[in-house]
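Below: upload06.tsv (TSV, C-alpha atoms and all ligand atoms)
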```tsv
chain	number	residue	atom	x	y	z
A	1226	MET	CA	129.80	-151.32	166.76
A	1227	SER	CA	128.53	-153.92	169.17
A	1228	ILE	CA	125.08	-153.34	170.61
A	1229	PRO	CA	125.01	-153.73	174.40
A	1230	LEU	CA	122.56	-156.35	175.64
A	1231	THR	CA	119.90	-154.99	177.96
A	1232	GLY	CA	117.70	-156.86	180.40
A	1233	ASN	CA	118.09	-160.43	181.63
A	1234	ILE	CA	118.38	-163.31	179.27
A	1235	GLY	CA	116.23	-166.12	180.66
A	1236	PRO	CA	117.22	-169.77	180.75
A	1237	SER	CA	116.96	-171.73	177.50
A	1238	ASP	CA	114.23	-174.32	176.96
A	1239	ALA	CA	116.83	-177.07	177.36
A	1240	GLU	CA	117.93	-175.69	180.75
A	1241	LEU	CA	114.33	-175.36	181.94
A	1242	ILE	CA	113.47	-178.88	180.78
A	1243	ALA	CA	116.52	-180.27	182.62
A	1244	GLU	CA	115.57	-178.39	185.80
A	1245	ILE	CA	111.97	-179.59	185.58
A	1246	GLY	CA	113.18	-183.19	185.19
A	1247	GLN	CA	115.37	-182.88	188.28
A	1248	LEU	CA	112.65	-181.24	190.39
A	1249	ARG	CA	110.12	-183.84	189.28
A	1250	THR	CA	112.32	-186.61	190.68
A	1251	GLU	CA	113.20	-184.72	193.88
A	1252	LYS	CA	109.53	-183.98	194.66
A	1253	ASN	CA	108.17	-187.33	193.46
A	1254	ALA	CA	105.87	-185.39	191.16
A	1255	VAL	CA	103.79	-186.42	188.18
A	1256	ILE	CA	103.21	-183.90	185.38
A	1257	LEU	CA	99.81	-184.17	183.69
A	1258	ALA	CA	99.14	-182.11	180.56
A	1259	HIS	CA	96.08	-181.41	178.43
A	1260	TYR	CA	96.28	-181.60	174.64
A	1261	TYR	CA	95.84	-177.81	174.41
A	1262	GLN	CA	99.13	-177.11	176.18
A	1263	ASP	CA	102.25	-175.78	174.48
A	1264	GLY	CA	103.95	-178.64	172.60
A	1265	ARG	CA	107.09	-178.43	174.79
A	1266	ILE	CA	104.97	-178.98	177.90
A	1267	GLN	CA	103.14	-181.90	176.27
A	1268	ASP	CA	106.50	-183.46	175.38
A	1269	LEU	CA	107.91	-183.39	178.89
A	1270	ALA	CA	104.69	-184.43	180.67
A	1271	ASP	CA	104.34	-187.92	182.16
A	1272	PHE	CA	100.90	-188.18	180.65
A	1273	VAL	CA	98.95	-186.17	178.07
A	1274	GLY	CA	95.23	-186.63	177.66
A	1275	ASP	CA	91.70	-185.27	177.52
A	1276	SER	CA	89.70	-184.21	180.58
A	1277	LEU	CA	88.49	-187.74	181.35
A	1278	ASP	CA	91.90	-189.39	180.90
A	1279	LEU	CA	93.51	-186.76	183.11
A	1280	SER	CA	90.87	-187.18	185.85
A	1281	ARG	CA	91.53	-190.91	185.88
A	1282	LYS	CA	95.28	-190.39	186.06
A	1283	ALA	CA	94.88	-187.88	188.90
A	1284	ALA	CA	92.72	-190.36	190.81
A	1285	SER	CA	95.19	-193.25	190.43
A	1286	THR	CA	98.64	-191.70	190.75
A	1287	ASP	CA	100.85	-192.55	193.71
A	1288	ALA	CA	103.10	-189.52	193.21
A	1289	ASP	CA	103.23	-187.02	196.11
A	1290	VAL	CA	102.72	-184.00	193.87
A	1291	ILE	CA	100.47	-183.53	190.84
A	1292	VAL	CA	101.53	-180.72	188.52
A	1293	PHE	CA	98.51	-179.98	186.39
A	1294	CYS	CA	99.35	-178.33	183.09
A	1295	GLY	CA	95.87	-177.38	182.03
A	1296	VAL	CA	93.26	-175.03	183.45
A	1297	ARG	CA	92.16	-174.49	187.02
A	1298	PHE	CA	88.98	-176.60	186.98
A	1299	MET	CA	91.11	-179.58	185.83
A	1300	ALA	CA	93.54	-179.10	188.72
A	1301	GLU	CA	90.56	-178.79	191.09
A	1302	VAL	CA	89.26	-182.15	189.86
A	1303	ALA	CA	92.69	-183.64	190.61
A	1304	LYS	CA	92.50	-182.27	194.17
A	1305	ILE	CA	88.92	-183.49	194.65
A	1306	LEU	CA	89.89	-187.02	193.59
A	1307	SER	CA	93.33	-187.10	195.26
A	1308	PRO	CA	93.00	-184.91	198.38
A	1309	GLU	CA	96.15	-186.24	200.03
A	1310	LYS	CA	98.32	-185.01	197.14
A	1311	THR	CA	99.77	-181.57	196.68
A	1312	VAL	CA	98.20	-180.27	193.45
A	1313	VAL	CA	99.86	-177.31	191.77
A	1314	LEU	CA	99.27	-175.58	188.45
A	1315	PRO	CA	101.72	-173.23	186.75
A	1316	ASP	CA	99.35	-170.24	186.67
A	1317	MET	CA	96.34	-169.90	188.98
A	1318	ALA	CA	94.81	-167.41	186.51
A	1319	ALA	CA	94.31	-170.25	184.00
A	1320	GLY	CA	90.51	-170.23	184.14
A	1321	CYS	CA	87.89	-171.18	181.57
A	1322	SER	CA	85.14	-169.13	179.93
A	1323	LEU	CA	82.66	-171.95	180.45
A	1324	GLU	CA	83.38	-171.94	184.17
A	1325	ASP	CA	83.02	-168.13	184.22
A	1326	SER	CA	79.67	-168.35	182.43
A	1327	CYS	CA	78.14	-170.36	185.28
A	1328	PRO	CA	78.36	-168.75	188.75
A	1329	ALA	CA	77.43	-171.25	191.49
A	1330	ASP	CA	74.63	-169.18	193.08
A	1331	ASP	CA	72.93	-168.59	189.73
A	1332	PHE	CA	73.29	-172.26	188.89
A	1333	ALA	CA	71.74	-173.31	192.23
A	1334	ALA	CA	68.77	-170.99	191.55
A	1335	PHE	CA	68.42	-172.39	188.01
A	1336	ARG	CA	68.44	-175.96	189.32
A	1337	ALA	CA	65.81	-175.12	191.92
A	1338	LYS	CA	63.44	-174.18	189.07
A	1339	TYR	CA	63.63	-177.75	187.71
A	1340	PRO	CA	63.43	-180.02	190.77
A	1341	ASP	CA	62.46	-183.09	188.68
A	1342	HIS	CA	65.45	-182.78	186.35
A	1343	ILE	CA	68.70	-184.67	186.76
A	1344	SER	CA	71.63	-182.30	186.45
A	1345	LEU	CA	74.38	-183.36	184.06
A	1346	THR	CA	77.21	-180.90	184.38
A	1347	TYR	CA	80.17	-180.59	182.03
A	1348	ILE	CA	83.46	-180.96	183.90
A	1349	ASN	CA	84.39	-177.41	182.74
A	1350	CYS	CA	82.88	-175.74	185.81
A	1351	SER	CA	83.93	-174.74	189.33
A	1352	ALA	CA	83.99	-177.12	192.29
A	1353	ALA	CA	81.09	-175.07	193.74
A	1354	VAL	CA	78.94	-175.78	190.66
A	1355	LYS	CA	79.85	-179.47	190.88
A	1356	THR	CA	78.38	-179.54	194.41
A	1357	HIS	CA	74.95	-178.71	192.86
A	1358	SER	CA	75.23	-181.41	190.17
A	1359	ASP	CA	74.12	-185.04	189.95
A	1360	ILE	CA	76.60	-186.41	187.41
A	1361	ILE	CA	79.65	-184.78	185.85
A	1362	ILE	CA	80.26	-185.46	182.16
A	1363	THR	CA	83.08	-184.81	179.69
A	1364	SER	CA	82.82	-184.71	175.93
A	1365	SER	CA	84.25	-188.24	175.73
A	1366	ASN	CA	81.77	-189.95	178.08
A	1367	ALA	CA	78.60	-187.80	177.85
A	1368	HIS	CA	76.74	-189.86	175.25
A	1369	HIS	CA	77.57	-193.11	177.05
A	1370	ILE	CA	76.32	-191.67	180.37
A	1371	ILE	CA	73.11	-190.22	178.91
A	1372	ASP	CA	72.29	-193.65	177.44
A	1373	GLN	CA	72.20	-195.01	181.01
A	1374	ILE	CA	69.61	-192.45	182.18
A	1375	PRO	CA	66.00	-193.71	182.00
A	1376	PRO	CA	64.22	-192.25	178.94
A	1377	ASP	CA	61.46	-190.63	181.05
A	1378	GLN	CA	63.97	-188.80	183.30
A	1379	PRO	CA	64.14	-185.11	182.31
A	1380	ILE	CA	67.66	-183.70	181.92
A	1381	LEU	CA	69.22	-180.33	182.64
A	1382	LEU	CA	72.67	-179.82	181.11
A	1383	ALA	CA	75.14	-177.04	181.99
A	1384	PRO	CA	77.15	-174.99	181.31
A	1385	ASP	CA	77.90	-175.54	177.57
A	1386	GLN	CA	74.86	-174.88	175.39
A	1387	HIS	CA	76.66	-176.12	172.25
A	1388	LEU	CA	77.76	-179.43	173.75
A	1389	GLY	CA	74.24	-179.73	175.20
A	1390	GLY	CA	72.57	-178.99	171.84
A	1391	TYR	CA	74.81	-181.52	170.11
A	1392	LEU	CA	74.09	-184.21	172.72
A	1393	ALA	CA	70.33	-183.54	172.64
A	1394	LYS	CA	70.39	-184.10	168.88
A	1395	GLU	CA	72.61	-187.19	169.05
A	1396	THR	CA	70.71	-188.91	171.86
A	1397	GLY	CA	67.21	-187.73	170.90
A	1398	ARG	CA	66.68	-186.49	174.47
A	1399	GLU	CA	65.07	-183.20	175.35
A	1400	MET	CA	67.26	-181.09	177.61
A	1401	ILE	CA	67.08	-177.78	179.42
A	1402	LEU	CA	70.38	-176.05	178.62
A	1403	TRP	CA	72.38	-173.47	180.53
A	1404	PRO	CA	73.36	-170.69	178.08
A	1405	GLY	CA	77.17	-170.88	178.51
A	1406	SER	CA	79.82	-171.27	175.81
A	1407	CYS	CA	83.55	-171.50	175.16
A	1408	ILE	CA	85.04	-168.28	173.77
A	1409	VAL	CA	87.60	-170.29	171.80
A	1410	HIS	CA	85.23	-172.63	169.95
A	1411	GLU	CA	82.80	-169.78	169.26
A	1412	GLN	CA	85.46	-167.99	167.19
A	1413	PHE	CA	85.29	-170.29	164.16
A	1414	SER	CA	83.72	-168.70	161.10
A	1415	GLU	CA	81.26	-170.77	159.07
A	1416	LYS	CA	81.80	-168.55	156.02
A	1417	GLU	CA	85.59	-169.02	156.13
A	1418	LEU	CA	85.19	-172.75	156.82
A	1419	ILE	CA	83.04	-173.16	153.70
A	1420	LYS	CA	85.72	-171.35	151.67
A	1421	LEU	CA	88.45	-173.61	153.12
A	1422	LYS	CA	86.42	-176.74	152.39
A	1423	ALA	CA	86.06	-175.61	148.77
A	1424	GLU	CA	89.84	-175.22	148.59
A	1425	TYR	CA	90.43	-178.68	150.11
A	1426	PRO	CA	87.40	-180.71	149.01
A	1427	HIS	CA	88.89	-184.04	150.15
A	1428	ALA	CA	89.88	-182.86	153.63
A	1429	PRO	CA	87.54	-184.18	156.35
A	1430	VAL	CA	86.57	-181.70	159.08
A	1431	ALA	CA	87.03	-182.87	162.70
A	1432	ALA	CA	85.39	-180.67	165.35
A	1433	HIS	CA	85.01	-180.50	169.11
A	1434	PRO	CA	81.36	-180.47	170.35
A	1435	GLU	CA	81.99	-177.11	172.06
A	1436	CYS	CA	81.70	-175.59	168.55
A	1437	PRO	CA	78.33	-174.02	167.70
A	1438	ALA	CA	75.86	-176.13	165.65
A	1439	HIS	CA	76.54	-174.21	162.40
A	1440	ILE	CA	80.20	-175.32	162.56
A	1441	LEU	CA	79.35	-178.89	163.62
A	1442	SER	CA	77.00	-179.17	160.63
A	1443	HIS	CA	80.12	-179.17	158.39
A	1444	ALA	CA	82.01	-181.78	160.44
A	1445	ASP	CA	82.77	-185.33	159.33
A	1446	HIS	CA	83.75	-186.23	162.88
A	1447	VAL	CA	82.66	-184.64	166.19
A	1448	GLY	CA	84.31	-185.68	169.44
A	1449	SER	CA	86.51	-184.97	172.43
A	1450	THR	CA	90.16	-184.09	171.94
A	1451	SER	CA	91.22	-187.76	172.29
A	1452	SER	CA	88.48	-188.84	169.91
A	1453	ILE	CA	89.62	-186.34	167.27
A	1454	LEU	CA	93.19	-187.60	167.66
A	1455	LYS	CA	92.09	-191.19	167.17
A	1456	TYR	CA	90.00	-190.21	164.14
A	1457	VAL	CA	92.88	-188.54	162.29
A	1458	LEU	CA	95.23	-191.41	163.17
A	1459	GLU	CA	92.86	-194.04	161.76
A	1460	SER	CA	91.47	-192.12	158.77
A	1461	GLY	CA	92.83	-192.84	155.29
A	1462	ALA	CA	92.72	-189.12	154.41
A	1463	ASP	CA	95.95	-187.16	154.28
A	1464	ILE	CA	94.68	-183.60	154.86
A	1465	PHE	CA	92.33	-182.58	157.70
A	1466	ILE	CA	90.61	-179.40	158.82
A	1467	ILE	CA	90.66	-179.22	162.62
A	1468	ALA	CA	88.00	-177.19	164.46
A	1469	THR	CA	89.32	-177.09	167.99
A	1470	GLU	CA	92.18	-175.47	169.91
A	1471	PRO	CA	95.37	-175.69	167.78
A	1472	GLY	CA	97.53	-177.13	170.61
A	1473	ILE	CA	96.11	-180.54	169.71
A	1474	MET	CA	97.87	-180.45	166.33
A	1475	HIS	CA	101.15	-181.11	168.14
A	1476	GLN	CA	100.05	-184.67	168.99
A	1477	MET	CA	98.54	-185.10	165.51
A	1478	GLN	CA	101.84	-184.21	163.87
A	1479	LYS	CA	103.63	-186.65	166.19
A	1480	SER	CA	101.23	-189.55	165.71
A	1481	SER	CA	100.57	-189.01	161.97
A	1482	PRO	CA	103.71	-187.31	160.61
A	1483	GLY	CA	102.77	-187.87	156.95
A	1484	LYS	CA	99.44	-186.06	157.26
A	1485	THR	CA	98.61	-182.35	157.00
A	1486	PHE	CA	96.43	-180.51	159.53
A	1487	ILE	CA	94.85	-177.15	158.81
A	1488	GLY	CA	93.26	-175.18	161.65
A	1489	ALA	CA	89.67	-174.15	160.93
A	1490	PRO	CA	89.67	-170.38	160.33
A	1491	GLY	CA	88.42	-167.73	162.71
A	1492	MET	CA	86.35	-164.68	161.80
A	1493	ASP	CA	89.28	-162.95	160.12
A	1494	GLY	CA	90.17	-165.94	157.94
A	1495	VAL	CA	93.08	-167.09	160.11
A	1496	CYS	CA	92.96	-169.26	163.18
A	1497	ASN	CA	95.26	-167.55	165.72
A	1498	CYS	CA	92.22	-166.27	167.62
A	1499	ASN	CA	91.39	-169.91	168.43
A	1500	GLN	CA	94.25	-170.40	170.86
A	1501	CYS	CA	92.83	-170.81	174.38
A	1502	PRO	CA	94.13	-167.75	176.27
A	1503	TYR	CA	93.85	-169.59	179.59
A	1504	MET	CA	95.77	-172.70	178.52
A	1505	ALA	CA	98.42	-170.41	177.02
A	1506	LEU	CA	99.18	-168.89	180.44
A	1507	ASN	CA	101.18	-171.99	181.38
A	1508	THR	CA	104.82	-171.74	180.29
A	1509	LEU	CA	107.95	-173.84	180.86
A	1510	GLU	CA	109.25	-171.19	183.24
A	1511	LYS	CA	106.07	-171.14	185.34
A	1512	LEU	CA	106.04	-174.94	185.32
A	1513	ARG	CA	109.60	-174.98	186.70
A	1514	ASP	CA	108.67	-172.38	189.34
A	1515	CYS	CA	105.54	-174.19	190.54
A	1516	LEU	CA	107.46	-177.46	190.91
A	1517	ARG	CA	110.28	-175.72	192.78
A	1518	ASP	CA	107.99	-173.69	195.09
A	1519	LEU	CA	105.00	-176.08	195.21
A	1520	SER	CA	102.90	-173.02	194.53
A	1521	PRO	CA	100.34	-171.92	193.36
A	1522	VAL	CA	98.63	-174.80	195.14
A	1523	ILE	CA	94.98	-175.88	194.93
A	1524	GLU	CA	93.25	-175.65	198.29
A	1525	MET	CA	89.70	-176.65	198.93
A	1526	ASP	CA	87.24	-176.65	201.78
A	1527	GLU	CA	86.63	-180.31	202.77
A	1528	GLU	CA	82.84	-179.95	202.73
A	1529	VAL	CA	82.95	-178.56	199.17
A	1530	ARG	CA	85.39	-181.27	198.12
A	1531	LEU	CA	83.18	-184.09	199.36
A	1532	ALA	CA	80.05	-182.60	197.79
A	1533	ALA	CA	81.87	-182.10	194.47
A	1534	LYS	CA	83.35	-185.61	194.61
A	1535	ALA	CA	79.96	-187.38	194.62
A	1536	PRO	CA	78.98	-186.40	191.03
A	1537	LEU	CA	82.58	-187.00	189.86
A	1538	ASP	CA	82.54	-190.51	191.36
A	1539	ARG	CA	79.24	-191.13	189.54
A	1540	MET	CA	80.91	-189.99	186.32
A	1541	LEU	CA	83.80	-192.42	186.81
A	1542	GLU	CA	81.42	-195.29	187.61
A	1543	MET	CA	79.28	-194.59	184.51
A	1544	SER	CA	82.13	-193.94	182.05
A	1545	PRO	CA	83.20	-196.49	179.44
A	1546	VAL	CA	85.83	-198.95	180.69
A	1547	PRO	CA	89.17	-197.24	179.85
A	1548	ASN	CA	90.62	-199.94	177.59
A	1549	SER	CA	87.42	-200.32	175.61
A	1550	ASP	CA	86.91	-196.57	175.40
A	1551	PRO	CA	86.32	-195.86	171.69
A	1552	ASN	CA	87.60	-192.32	172.25
A	1553	SER	CA	90.86	-193.25	173.88
A	1554	GLY	CA	93.70	-191.60	171.97
A	1555	LYS	CA	95.77	-190.62	174.93
A	1556	ALA	CA	99.51	-190.23	174.76
A	1557	GLN	CA	101.78	-191.72	177.39
A	1558	ASN	CA	105.11	-190.00	177.13
A	1559	ARG	CA	107.22	-192.01	179.54
A	1560	PRO	CA	106.95	-195.64	180.59
A	1561	PRO	CA	105.72	-195.82	184.22
A	1562	LYS	CA	108.58	-196.06	186.67
A	1563	SER	CA	108.50	-199.10	188.93
A	1564	GLY	CA	106.40	-198.48	192.01
A	1565	ARG	CA	104.56	-195.53	190.45
A	1566	ALA	CA	101.14	-196.17	189.03
A	1567	TYR	CA	100.58	-193.23	186.76
B	1601	LIG	P1	88.33	-182.55	176.23
B	1601	LIG	O1	87.70	-183.25	177.38
B	1601	LIG	O2	87.78	-183.02	174.90
B	1601	LIG	O3	89.82	-182.66	176.27
B	1601	LIG	O4	87.94	-181.00	176.28
B	1601	LIG	C1	88.39	-180.13	177.27
B	1601	LIG	C2	88.21	-178.72	176.91
B	1601	LIG	O5	88.34	-177.82	177.69
B	1601	LIG	C3	87.87	-178.42	175.55
B	1601	LIG	O6	87.80	-177.04	175.38
B	1602	LIG	FE1	87.65	-173.44	178.62
B	1602	LIG	FE2	87.35	-173.14	176.00
B	1602	LIG	FE3	89.79	-172.94	177.06
B	1602	LIG	FE4	88.54	-175.35	176.93
B	1602	LIG	S1	89.23	-174.09	175.21
B	1602	LIG	S2	89.63	-174.49	178.68
B	1602	LIG	S3	86.40	-174.73	177.27
B	1602	LIG	S4	88.04	-171.58	177.44
```
Before we go any further, please render this structure as structure tokens.
Ligand code: 13P
Ligand code: SF4
Amino acid sequence: MSIPLTGNIGPSDAELIAEIGQLRTEKNAVILAHYYQDGRIQDLADFVGDSLDLSRKAASTDADVIVFCGVRFMAEVAKILSPEKTVVLPDMAAGCSLEDSCPADDFAAFRAKYPDHISLTYINCSAAVKTHSDIIITSSNAHHIIDQIPPDQPILLAPDQHLGGYLAKETGREMILWPGSCIVHEQFSEKELIKLKAEYPHAPVAAHPECPAHILSHADHVGSTSSILKYVLESGADIFIIATEPGIMHQMQKSSPGKTFIGAPGMDGVCNCNQCPYMALNTLEKLRDCLRDLSPVIEMDEEVRLAAKAPLDRMLEMSPVPNSDPNSGKAQNRPPKSGRAY
């Protein structure tokens, strides 16, 4: 007996990818993707990178449309730096727990308590919080930027307390920290990590600085997503334990196919809980729809944009020169087309 099919069968991945390719050309669009995106989205993007790489690409593209496959604050940065472009993201609900942990009014009140402090703010925050900041940082340029701040200048760092604690230790600077955190990186279990390390004693641990200090204390390498990628590519080891969002393992498997990557375990001994629920909202289907409809689109009040741009411009001025960037592990998927500088 044949079973009748119910409901609609959606388009296949191949059909969606073909449609996205066609729409990208029609709309003169560039697709930027973060390393935490679904592997299929990373593979069709024009450029895959960390937060700093993607900001630079957004600032320099001459495409008419930027499709940002990442989270909302990243798409906002693209709009702040390229206001004349149409910036869309597949799902407007793709937020970030660090952004949520730092409401702009509370942050303004916090800053007002420390008028002598310079405010270094992690890029994972709203445009409104950026307007109250002196310099934006990412995990790949923060140390380099802090080294340019006079030693007697007190520092306030928001919103990630774990990144802040790590940087305070690394740079030897005292910092007032905002008590925010990433729900994804807080899920790793130290107890389970110790067990895994005992099972794989020769596997180095690579961790993102958004992990709490007790996880970072077991890491052989701490760095941004692009820095972790570069580390595993250059290391002589053949098995690695990775303490960050598992989407990044897609690029690791592509760049180092002979190596094995094990996700650091969560509280229950497995690592599925470490997928970023916000990044996971973006799908091929929503990507196709946002390119077709040019919606959802990032809109921003011009006064907010200009005020948020100032600390972002400072970040870009104070960042390492791209080609000499020791953390640069970015993946360029397609050769630039003539006349398009992305
Ligand atoms: P990177 O800048 O290292 O890519 O980090 C972005 C992020 O959101 C990590 O959770
Ligand atoms: Fe935000 Fe954490 Fe997701 Fe990065 S992994 S986007 S910090 S919630």
Practice problem: Quick one: everything within 12 Å of stretch 1449-1460 of chain A, counting all atoms listed in the file, minus sequence neighbours fewer than 6 positions away in the same chain. Send it as a ChimeraX atom specification. | Solution: /A:1259-1261,1273-1279,1362-1368,1388,1428-1436,1466-1486,1550-1556
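The closest residue to A:Ser1280, picked from A:Glu1424, A:Glu1240, A:Glu1301, A:Glu1309 and counting only C-alpha atoms, is A:Glu1301.
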Quiz item: Using all atoms listed in the file, which of the listed residues (A:Ala1444, A:Leu1323, A:Ile1348, A:Cys1294) sits closest to ligand LIG 1602 (chain B)?
Solution: A:Leu1323
Quiz item: Neighbours of A:Phe1413 within 10 Å (only C-alpha atoms; same-chain residues fewer than 3 positions away dropped), as a PyMOL selection string?
Solution: chain A and resi 1408-1410+1416-1418+1436-1437+1439-1440+1468-1469+1488-1496+1498-1499
Practice problem: Find the spatial neighbours of A:Asp1316, counting all atoms listed in the file, within a cut-off of 12 Å - ignore same-chain residues fewer than 3 positions away - and output them as a VMD selection string. | Solution: chain A and resid 1292 to 1297 1300 1313 1319 to 1320 1502 to 1516 1519 to 1523
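Closest approach to A:Ser1322 among A:Lys1310, A:Lys1304, A:Leu1382, A:Glu1411 is made by A:Glu1411 (distances from only C-alpha atoms).
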Box for ligand LIG 1601 (chain B): with edges along x, y and z, all listed atoms inside and 4 Å added on each side, what are the centre and edge lengths in Å to one decimal, as AutoDock Vina command-line options?
```
--center_x 88.8 --center_y -180.1 --center_z 176.3 --size_x 10.1 --size_y 14.2 --size_z 10.8
```
Quiz prompt | Straight-line distance linking atom CA of A:Lys1282 with atom CA of A:Val1255, stated in Å to one decimal | solution =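 Atom CA of A:Lys1282 sits 9.6 Å away from atom CA of A:Val1255.
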Quiz item: Given the choices A:Ile1266, A:Ala1329, A:Val1290, A:Leu1381, which gets closest to A:Lys1252 if the distance is worked out from all atoms listed in the file?
Solution: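 Of A:Ile1266, A:Ala1329, A:Val1290, A:Leu1381, the one nearest A:Lys1252 is A:Val1290, counting all atoms listed in the file.
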Practice problem: Counting only C-alpha atoms, figure out which residue out of A:His1357, A:Lys1534, A:Arg1517, A:His1443 gets nearest to A:Ala1284. | Solution: A:Lys1534
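Coordinates place atom CA of A:Ser1285 at a distance of 22.1 Å from atom CA of A:His1369.
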Self-check item: Pick from A:Asp1271, A:Glu1244, A:Asp1289, A:Glu1324, whichever lies nearest to ligand LIG 1602 (chain B) using only C-alpha atoms and all ligand atoms
Solution: A:Glu1324
Self-check item: Separation of atom O6 of ligand LIG 1601 (chain B) from atom CA of A:Ala1535, in Å and rounded to one decimal
Solution: 23.2 Å
